[in-house]
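Containing CSV, C-alpha atoms and all ligand atoms: target_27.csv.
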chain,number,residue,atom,x,y,z
A,45,MET,CA,208.2,20.9,108.8
A,46,SER,CA,205.3,22.5,107.0
A,47,PRO,CA,206.0,23.3,103.3
A,48,MET,CA,206.1,27.0,102.3
A,49,LEU,CA,204.3,27.9,99.2
A,50,ARG,CA,205.1,30.8,96.9
A,51,THR,CA,203.1,32.6,94.3
A,52,ASP,CA,204.1,35.6,92.1
A,53,ARG,CA,203.3,38.1,94.9
A,54,LEU,CA,202.8,36.0,98.1
A,55,LEU,CA,204.4,33.6,100.5
A,56,LEU,CA,202.1,31.1,102.2
A,57,ARG,CA,204.4,30.3,105.2
A,58,SER,CA,204.3,28.9,108.7
A,59,TRP,CA,203.3,31.1,111.5
A,60,ARG,CA,205.5,33.3,113.6
A,61,PRO,CA,204.9,34.7,117.1
A,62,ALA,CA,205.1,38.2,115.6
A,63,ASP,CA,202.0,37.4,113.4
A,64,ARG,CA,199.7,37.1,116.4
A,65,GLN,CA,199.1,40.8,116.8
A,66,ALA,CA,198.3,41.5,113.2
A,67,PHE,CA,196.2,38.4,113.1
A,68,ALA,CA,194.2,39.6,116.1
A,69,ARG,CA,193.8,43.1,114.6
A,70,MET,CA,192.3,41.5,111.4
A,71,ASN,CA,190.0,39.3,113.4
A,72,ALA,CA,188.8,42.3,115.5
A,73,ASP,CA,187.8,44.3,112.4
A,74,PRO,CA,184.0,44.3,112.0
A,75,GLU,CA,184.2,44.7,108.2
A,76,VAL,CA,186.5,41.7,107.9
A,77,MET,CA,184.2,39.7,110.2
A,78,ASP,CA,180.9,40.9,108.7
A,79,PHE,CA,179.7,37.4,107.7
A,80,PHE,CA,180.8,35.7,110.9
A,81,VAL,CA,179.0,35.7,114.3
A,82,ALA,CA,181.1,38.5,115.7
A,83,PRO,CA,184.6,40.0,115.5
A,84,LEU,CA,187.0,38.0,117.7
A,85,THR,CA,188.4,39.2,121.0
A,86,ARG,CA,192.2,38.9,121.4
A,87,GLU,CA,191.7,35.8,123.5
A,88,GLU,CA,189.5,34.2,120.8
A,89,SER,CA,192.0,35.1,118.1
A,90,GLU,CA,194.8,33.5,120.1
A,91,GLY,CA,192.7,30.3,120.6
A,92,PHE,CA,191.9,30.2,116.8
A,93,LEU,CA,195.6,30.5,115.9
A,94,ASP,CA,196.5,27.8,118.5
A,95,ARG,CA,194.0,25.5,116.8
A,96,ILE,CA,195.4,26.3,113.4
A,97,GLU,CA,198.9,25.5,114.6
A,98,ALA,CA,197.8,22.2,116.2
A,99,ARG,CA,196.1,21.1,113.0
A,100,PHE,CA,199.2,22.0,111.0
A,101,ALA,CA,201.2,19.8,113.3
A,102,GLU,CA,198.7,17.0,113.0
A,103,HIS,CA,198.4,17.0,109.2
A,104,GLY,CA,201.6,18.5,108.1
A,105,PHE,CA,199.7,21.2,106.2
A,106,GLY,CA,196.7,23.4,106.9
A,107,VAL,CA,196.2,27.2,107.1
A,108,TRP,CA,199.2,29.3,106.2
A,109,ALA,CA,200.1,32.8,107.2
A,110,VAL,CA,200.0,34.9,104.0
A,111,GLU,CA,202.9,37.4,103.5
A,112,GLU,CA,203.1,40.0,100.8
A,113,ILE,CA,206.6,39.4,99.2
A,114,ASN,CA,207.1,43.1,98.3
A,115,THR,CA,206.7,44.4,101.8
A,116,GLY,CA,207.3,41.3,103.9
A,117,GLU,CA,204.0,42.2,105.7
A,118,PHE,CA,201.6,39.6,107.2
A,119,ILE,CA,198.3,40.2,105.4
A,120,GLY,CA,196.1,37.3,106.5
A,121,PHE,CA,195.6,33.6,106.1
A,122,ALA,CA,194.8,31.0,103.4
A,123,GLY,CA,194.8,27.3,103.3
A,124,LEU,CA,193.0,24.1,104.0
A,125,LEU,CA,190.8,23.7,107.1
A,126,HIS,CA,189.7,20.2,108.2
A,127,GLN,CA,186.0,20.5,108.9
A,128,THR,CA,184.4,17.8,111.1
A,129,PHE,CA,181.1,19.4,112.0
A,130,GLU,CA,178.1,17.3,110.9
A,131,ALA,CA,177.0,17.8,107.3
A,132,SER,CA,176.5,15.8,104.2
A,133,PHE,CA,179.9,16.8,102.9
A,134,THR,CA,182.0,16.4,106.1
A,135,PRO,CA,184.6,15.4,107.2
A,136,ALA,CA,186.3,17.4,104.5
A,137,PHE,CA,189.1,19.8,103.8
A,138,GLU,CA,187.8,23.3,103.1
A,139,ILE,CA,189.6,26.1,101.3
A,140,GLY,CA,189.7,29.1,103.7
A,141,TYR,CA,191.0,32.6,103.4
A,142,ARG,CA,190.8,35.9,105.3
A,143,LEU,CA,192.7,39.0,104.5
A,144,ALA,CA,193.1,42.3,106.4
A,145,ARG,CA,190.9,45.0,104.9
A,146,HIS,CA,193.8,46.9,103.3
A,147,ALA,CA,194.8,43.9,101.4
A,148,TRP,CA,191.5,43.4,99.6
A,149,GLY,CA,191.0,44.3,96.0
A,150,GLN,CA,194.3,43.2,94.6
A,151,GLY,CA,193.6,39.6,93.7
A,152,TYR,CA,195.6,38.2,96.6
A,153,ALA,CA,192.9,36.0,98.0
A,154,THR,CA,192.4,34.3,94.7
A,155,GLU,CA,196.1,33.9,94.2
A,156,ALA,CA,196.6,32.3,97.6
A,157,ALA,CA,193.5,30.1,97.3
A,158,ARG,CA,194.6,28.7,93.9
A,159,GLU,CA,198.0,27.8,95.3
A,160,ALA,CA,196.5,26.1,98.4
A,161,VAL,CA,194.0,24.1,96.2
A,162,SER,CA,196.9,23.0,93.9
A,163,PHE,CA,198.9,22.0,96.9
A,164,GLY,CA,196.0,20.0,98.4
A,165,PHE,CA,195.4,18.0,95.3
A,166,GLU,CA,199.0,17.4,94.5
A,167,ARG,CA,200.9,17.0,97.8
A,168,PRO,CA,198.7,15.3,100.3
A,169,GLY,CA,196.7,14.0,97.3
A,170,LEU,CA,193.3,15.0,98.6
A,171,GLY,CA,190.5,13.6,96.5
A,172,GLU,CA,188.2,16.5,97.2
A,173,ILE,CA,188.4,20.1,98.6
A,174,VAL,CA,185.2,21.9,99.4
A,175,SER,CA,184.3,25.6,99.9
A,176,MET,CA,181.5,27.2,101.7
A,177,THR,CA,180.4,30.7,102.7
A,178,ALA,CA,177.4,32.8,103.6
A,179,VAL,CA,175.1,33.4,100.6
A,180,GLY,CA,175.6,37.1,100.9
A,181,ASN,CA,179.4,36.9,101.0
A,182,VAL,CA,179.8,38.0,97.4
A,183,ARG,CA,183.6,38.6,97.6
A,184,SER,CA,184.2,35.1,99.0
A,185,ARG,CA,182.0,33.5,96.4
A,186,ALA,CA,183.9,35.3,93.7
A,187,VAL,CA,187.2,33.9,95.1
A,188,MET,CA,185.7,30.4,95.1
A,189,ASP,CA,184.6,30.7,91.4
A,190,LYS,CA,188.0,32.0,90.4
A,191,ALA,CA,190.0,29.5,92.4
A,192,ARG,CA,188.4,26.6,90.8
A,193,ASP,CA,188.9,27.9,87.2
A,194,ASP,CA,192.2,27.7,85.5
A,195,PRO,CA,194.2,30.9,86.0
A,201,LIG,C1,187.0,37.1,100.9
A,201,LIG,C2,188.2,38.0,100.7
A,201,LIG,C3,189.4,37.3,101.1
A,201,LIG,C4,188.2,38.4,99.2
A,201,LIG,O1,189.2,39.4,99.0
A,201,LIG,P1,189.3,40.2,97.6
A,201,LIG,O2,190.4,41.0,97.7
A,201,LIG,O3,187.9,40.7,97.3
A,201,LIG,O4,189.5,38.9,96.6
A,201,LIG,P2,190.5,38.8,95.5
A,201,LIG,O5,191.8,38.5,96.1
A,201,LIG,O6,190.0,37.7,94.5
A,201,LIG,O7,190.5,40.2,94.7
A,201,LIG,C5,189.6,40.5,93.8
A,201,LIG,C6,189.6,42.0,93.6
A,201,LIG,O8,191.0,42.4,93.3
A,201,LIG,C7,191.0,43.1,92.1
A,201,LIG,N1,192.3,43.0,91.5
A,201,LIG,C8,193.3,44.0,91.5
A,201,LIG,N2,194.4,43.5,91.0
A,201,LIG,C9,194.2,42.2,90.6
A,201,LIG,C10,195.0,41.1,90.1
A,201,LIG,N3,196.2,41.4,89.7
A,201,LIG,N4,194.4,39.9,89.9
A,201,LIG,C11,193.2,39.7,90.3
A,201,LIG,N5,192.3,40.6,90.8
A,201,LIG,C12,192.9,41.8,91.0
A,201,LIG,C13,189.8,42.6,91.3
A,201,LIG,O9,189.4,43.5,90.4
A,201,LIG,C14,188.8,42.5,92.4
A,201,LIG,O10,188.3,43.7,92.8
A,201,LIG,P3,186.8,44.1,93.0
A,201,LIG,O11,186.2,43.1,94.0
A,201,LIG,O12,186.8,45.5,93.6
A,201,LIG,O13,186.2,43.9,91.7
A,201,LIG,C15,188.0,39.2,101.6
A,201,LIG,O14,186.9,39.9,101.3
A,201,LIG,C16,188.0,38.9,103.1
A,201,LIG,O15,189.0,38.6,103.7
A,201,LIG,N6,186.8,38.8,103.6
A,201,LIG,C17,186.6,38.5,105.1
A,201,LIG,C18,186.8,37.1,105.4
A,201,LIG,C19,185.9,36.2,104.6
A,201,LIG,O16,184.7,36.4,104.5
A,201,LIG,N7,186.5,35.0,104.2
A,201,LIG,C20,185.8,34.0,103.5
A,201,LIG,C21,185.0,33.2,104.4
A,201,LIG,S1,184.1,31.9,103.6
structure tokens encoding of this file:
Amino acid sequence: MSPMLRTDRLLLRSWRPADRQAFARMNADPEVMDFFVAPLTREESEGFLDRIEARFAEHGFGVWAVEEINTGEFIGFAGLLHQTFEASFTPAFEIGYRLARHAWGQGYATEAAREAVSFGFERPGLGEIVSMTAVGNVRSRAVMDKARDDP
């Protein structure tokens, strides 16, 4: 059973079938997907979530669904992605996060990322967690900087 994490304002929880629609809507938003190759089709989004769930089953942790406690609304994902593509720093666990556009600008990504990083170092006892993004993804870079500092 994957552990559920809780912050002041967010739940990082396991996925529910009902999340799939909002997940697909977020992945189809060109603004959210600006720094990726392209927005995802519904089929691509389903495949991505299937892989997330498979990795969760394999490792016992991974990428959580992020829920706003106040509203109970699914707003995106955050967690640890196992990256195996060839690079000097792989294989490695990467901190990853993506929020629906309406959930930006509230500090949620940083709050979730910090919790996922703490979990990664403390529970599975990872020795290293990496982060990466496109050079121009200023918002993501800001989250990285904040997530590695003490709150
Ligand atoms: C990357 C992403 C998650 C960042 O979201 P974000 O909302 O900008 O990030 P944070 O959660 O750290 O929020 C910071 C903002 O919240 C504001 N904020 C409001 N209340 C806050 C609070 N209580 N605590 C902290 N920040 C708060 C900050 O002022 C800041 O706003 P600003 O950017 O307008 O100055 C989001 O842009 C996204 O999903 N992008 C698409 C996916 C993506 O690129 N993912 C990363 C791939 S590597």
Nearest-residue call for Asp189 (chain A), choices A:Glu130, A:Gln65, A:Phe121, A:Ser175, using all atoms listed in the file: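 Going through A:Glu130, A:Gln65, A:Phe121, A:Ser175 one by one, the smallest distance to Asp189 (chain A) is for A:Ser175.
Where the distance criterion is 7 Å and the atoms used are all atoms listed in the file, the residues close to ligand LIG 201 (chain A) are Val76, Met77, Phe79, Gly140, Tyr141, Arg142, Leu143, Ala144, Arg145, Ala147, Trp148, Gly149, Gln150, Gly151, Tyr152, Ala153, Thr154, Glu155, Met176, Thr177, Ala178, Asn181, Arg183, Ser184, Ala186 and Val187 of chain A.
Note that the spacing between CA of Ser89 (chain A) and CA of Phe165 (chain A) amounts to 28.7 Å.
Of the listed residues (A:Pro74, A:Pro61, A:Gly116, A:Gly164), A:Pro61 comes nearest to Leu93 (chain A); the distances count only C-alpha atoms.
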Nearest-residue call for Val182 (chain A), choices A:Asp78, A:Glu112, A:Phe137, A:Arg69, using all atoms listed in the file: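 Nearest candidate to Val182 (chain A) out of A:Asp78, A:Glu112, A:Phe137, A:Arg69: A:Asp78.
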Selection as a list in words: residues within 8 Å of (203.9, 44.0, 93.6), counting all atoms listed in the file: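 Using all atoms listed in the file, the matching residues come out as Arg53, Ile113 and Asn114 of chain A.
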Surrounding residues of Ser58 (chain A) excluding itself and chain neighbours under 6 positions, 8 Å, only C-alpha atoms, as a PyMOL selection string: chain A and resi 46-48+108-109
Distance of CA of Phe100 (chain A) from CA of Pro135 (chain A), expressed in Å to one decimal place: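 The value is 16.5 Å.
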Nearest candidate to Val110 (chain A) (options A:Gly123, A:Gly91, A:Gly171, A:Pro83; using all atoms listed in the file): A:Gly123
Quick one: everything within 8 Å of Glu111 (chain A), counting only C-alpha atoms, minus sequence neighbours fewer than 4 positions away in the same chain. Send it as a PDB file with C-alpha atoms, keeping the file's coordinate frame.
ATOM      1  CA  LEU A  54     202.800  36.000  98.100  1.00  0.00           C
ATOM      2  CA  LEU A  55     204.400  33.600 100.500  1.00  0.00           C
ATOM      3  CA  LEU A  56     202.100  31.100 102.200  1.00  0.00           C
ATOM      4  CA  ARG A  57     204.400  30.300 105.200  1.00  0.00           C
ATOM      5  CA  GLY A 116     207.300  41.300 103.900  1.00  0.00           C
ATOM      6  CA  GLU A 117     204.000  42.200 105.700  1.00  0.00           C
ATOM      7  CA  PHE A 118     201.600  39.600 107.200  1.00  0.00           C
ATOM      8  CA  ILE A 119     198.300  40.200 105.400  1.00  0.00           C
ATOM      9  CA  GLY A 120     196.100  37.300 106.500  1.00  0.00           C
TER      10      GLY A 120
END
Given all atoms listed in the file as the counted atoms, nearest of A:Trp59, A:Ser132, A:Glu90, A:Phe80 to Val179 (chain A):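 Under the stated criterion, the closest residue is A:Phe80.
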Two-atom distance - CA of Ala68 (chain A), CA of Arg86 (chain A) (Å): 5.7 Å
Using only C-alpha atoms: which of A:Leu49, A:Val174, A:Ala101, A:Ala72 has the shortest distance to Ala156 (chain A):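 Answer, going by the shortest atom-to-atom distance: A:Leu49.
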